[in-house]
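**Q** Below: one structure in C-alpha cells.
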Amino acid sequence: MAVVTRVILPEEDGATVRHILRAKLHFSSHAVSRLAHGGACMFVNGAAVHTPHVLRAGDVLAVETEDRRPPKTAVTPGNWPLPVLWEDEHLLLVDKPAGMTAHASNFLPDTPTVAGALAWSRGTDFIFHPVNRLDKGTTGLMAIAKSGYVHDLLRRQLHTERFRREYRAVCLGCPLPERGTVDAPIGRDEASAVARRVRADGAPAASHYEVLARGKGLSLLALRPETGRTHQLRVHMAFLGCPLAGDWLYGAEDPELIPRPALHSRRVTLDHPITGERVEVSAPLPEDMQALLRQRFPAGTEA
C-alpha cells in the first residue's frame, strides 16, 4: 500500500487533517472528498482519523494514496511486451513499443494497449494513470502513476522544467537553422478527422529542436516540447518543411524506409512528487530507428 507521510510542524499546530491535505500535501478537493468517504485510510500516530481531526506539532500523519475504487471501464489484459525501466510504489516508467496505444479504442478494438499489458502482468485491479501519452506509432518512455493523487501532482509538473521530455526523431531533409524553437499555435485541421495543423487561432505550442547528425536525405534530431498539443512534434516538423520519416499523416508514407513516424521518447527527467528526488530515465532507440541510422547515416552515428 503506497503511503505519504508528514510530520506536523510547530507552526501547523491546531490545523485540521483536511487543511494539511489541501495546503501542504496538495491533494485536490476531489481527492480529499474521496479520502473522507473512503474508510480507514488516514492515520495520526497510527490511529485512524477523519479529515476534521485537529493535529498537534510532532504528530505523524500518514495517508494511503492508492485508489480504492475499481476502474470505471474494465481493462482487457493482453500478453504484450512492455519493458518497465523504473518503478517504485508510486509510479513507473515504461518503454512503449510502436503500435501500442495507452487505452483501448472503439475505433481500434484489437490494438495492443499499455493498460492491457499492465493488467496482464499486474492484475486487472492495477491502477493505471498515464501522465505523458504517446501516439500509437511513437515509441519510448511513458510515465504512469499508480494513484490519482500522484497522477495529479505529476500533471502539474508536466509542462515545466520539473518534468522534461526529450525525443529523438528522424526527419526528411534538414531544418535550417540546425537549432531553434518552433513557436507556432496548433489547432484542428477541418479537412481531417484526426490531423492538426498550425493555425493562428490554435492553442499555444512550442518545440525546441537540434540537428544531431545528417545522413542521406535525412536528419537525426533531438526534440523537446514545451507544451503537449496533440501530434505537436510531428506538426511542427512538417511546418518547418521537414516532416518525420514515415509520417503518413503529415508527410509521406514509406514502409520501406520505416513503417511509422520516426519518433521516440528518449529521456524523461522529473521531480518525484513524493520523495522529491530527481529521476532521470532513458530508453534505447528502437530497432527500426537504429536501422535507419545504419542505412542512411555515417558509421558510428548515435542517438
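Ordered as shown in the C-alpha cells, chains take letters A, B, and onward, while each chain numbers its residues from 1 and ligands are numbered from 1 in the order shown.
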Using only C-alpha atoms, determine which residues lie at most 7 Å from Val170 (chain A), disregarding the query and same-chain residues fewer than 2 positions distant; provide the list as a PyMOL selection string.
**A** chain A and resi 218-221+244-245+262-263
**Q** Which residues are near Val60 (chain A)? Cut-off 9 Å, only C-alpha atoms, ignore same chain within fewer than 5 positions. Put them as a list of chain:residue names.
**A**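 Those residues are A:Thr5, A:Arg6, A:Val7, A:Ile8, A:Phe43, A:Val44, A:Asn45, A:Gly46, A:Leu55.
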**Q** For Cys41 (chain A), which residue out of A:Ala104, A:Arg229, A:Val63, A:Ala145 is the nearest one, using only C-alpha atoms?
**A** A:Val63
**Q** Could you pull the residues within 7 Å of His129 (chain A), counting only C-alpha atoms, minus those fewer than 4 positions along the same chain, as a list in words?
**A**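 The residues satisfying every condition are Ile144, Ala145, Lys146, Ser147, Gly148 and His151 of chain A.
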**Q** Rounded to one decimal in Å, what is the spacing between CA of Leu172 (chain A) and CA of Val235 (chain A)?
**A** 13.4 Å
**Q** Got a sec: who's within 10 Å of Thr301 (chain A), counting only C-alpha atoms, leaving out chain neighbours fewer than 4 positions off, as a PyMOL selection string?
**A** chain A and resi 212-215+220+290+293-294+296-297
**Q** Leaving out Ala291 (chain A) and any residue of its chain fewer than 6 positions from it, which residues lie within 10 Å of it when counting only C-alpha atoms, given as a list in words?
**A**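 Skipping anything fewer than 6 positions along the chain leaves Leu257, Ile258, Leu285 and Phe297 of chain A.
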**Q** I'd like the contact shell of Pro175 (chain A) - 10 Å cut-off, only C-alpha atoms, skipping same-chain residues fewer than 5 positions apart - returned as JSON, numbers by chain.
**A** {"A": [180, 209, 210, 211, 219, 221, 237, 240, 241, 242, 243]}
**Q** Give the strand (DSSP E) residues of region 134-189 of chain A, as assigned by DSSP on the backbone, as an NGL selection string.
**A** :A and (139-145 or 163-172 or 179-183 or 186-188)
**Q** Please return as a CSV table (one decimal) with N, CA and C atoms, in the first residue's frame: the residues of region 88-149 of chain A that backbone DSSP assigns to helix (DSSP H, G or I).
**A**
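Writing done, so here's states33.csv:
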chain,number,residue,atom,x,y,z
A,114,VAL,N,-1.2,-0.2,-23.5
A,114,VAL,CA,-0.4,-0.1,-22.3
A,114,VAL,C,-1.2,-0.6,-21.1
A,115,ALA,N,-2.5,-0.2,-21.0
A,115,ALA,CA,-3.3,-0.6,-19.9
A,115,ALA,C,-3.5,-2.1,-19.9
A,116,GLY,N,-3.7,-2.7,-21.0
A,116,GLY,CA,-3.9,-4.2,-21.1
A,116,GLY,C,-2.6,-4.9,-20.8
A,117,ALA,N,-1.5,-4.4,-21.2
A,117,ALA,CA,-0.2,-5.1,-20.9
A,117,ALA,C,0.1,-5.1,-19.4
A,118,LEU,N,-0.2,-4.0,-18.7
A,118,LEU,CA,0.0,-3.9,-17.3
A,118,LEU,C,-1.1,-4.7,-16.5
A,119,ALA,N,-2.3,-4.8,-17.1
A,119,ALA,CA,-3.3,-5.7,-16.5
A,119,ALA,C,-2.9,-7.1,-16.5
A,120,TRP,N,-2.2,-7.5,-17.6
A,120,TRP,CA,-1.8,-8.9,-17.8
A,120,TRP,C,-0.7,-9.2,-16.8
A,121,SER,N,0.3,-8.3,-16.6
A,121,SER,CA,1.4,-8.6,-15.7
A,121,SER,C,1.2,-8.2,-14.3
A,122,ARG,N,0.2,-7.3,-14.0
A,122,ARG,CA,0.0,-6.8,-12.6
A,122,ARG,C,-1.4,-7.2,-12.1
A,148,GLY,N,-4.5,8.3,-8.3
A,148,GLY,CA,-4.9,9.6,-8.8
A,148,GLY,C,-4.2,10.7,-8.2
A,149,TYR,N,-3.8,10.6,-6.9
A,149,TYR,CA,-3.1,11.6,-6.2
A,149,TYR,C,-1.7,11.9,-6.9
**Q** What does the distance from CA of Asp135 (chain A) to CA of Leu223 (chain A) come to in Å, to one decimal?
**A**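 Going from CA of Asp135 (chain A) over to CA of Leu223 (chain A) covers 15.4 Å.
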**Q** So, with only C-alpha atoms as the atoms that count, which of A:Leu292, A:Ile274, A:Ala203, A:Ile20 lies closest to Glu256 (chain A)?
**A** A:Leu292
**Q** Which of these residues is nearest to His37 (chain A), using only C-alpha atoms: A:Ala62, A:Ala303, A:Val49, A:Leu141?
**A**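 Answer, going by the shortest atom-to-atom distance: A:Val49.
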**Q** Choose the residue, out of A:Pro10, A:Thr76, A:Glu89, A:His50, that has the smallest atom-to-atom separation from Ser105 (chain A); count only C-alpha atoms.
**A**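 Going through A:Pro10, A:Thr76, A:Glu89, A:His50 one by one, the smallest distance to Ser105 (chain A) is for A:Thr76.
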**Q** Check the smallest atom-to-atom distance from each of A:Arg22, A:Arg34, A:His90, A:Lys96 to Gly137 (chain A) using only C-alpha atoms, then report the winner.
**A**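 Between A:Arg22, A:Arg34, A:His90, A:Lys96, the residue approaching Gly137 (chain A) most closely is A:Lys96.
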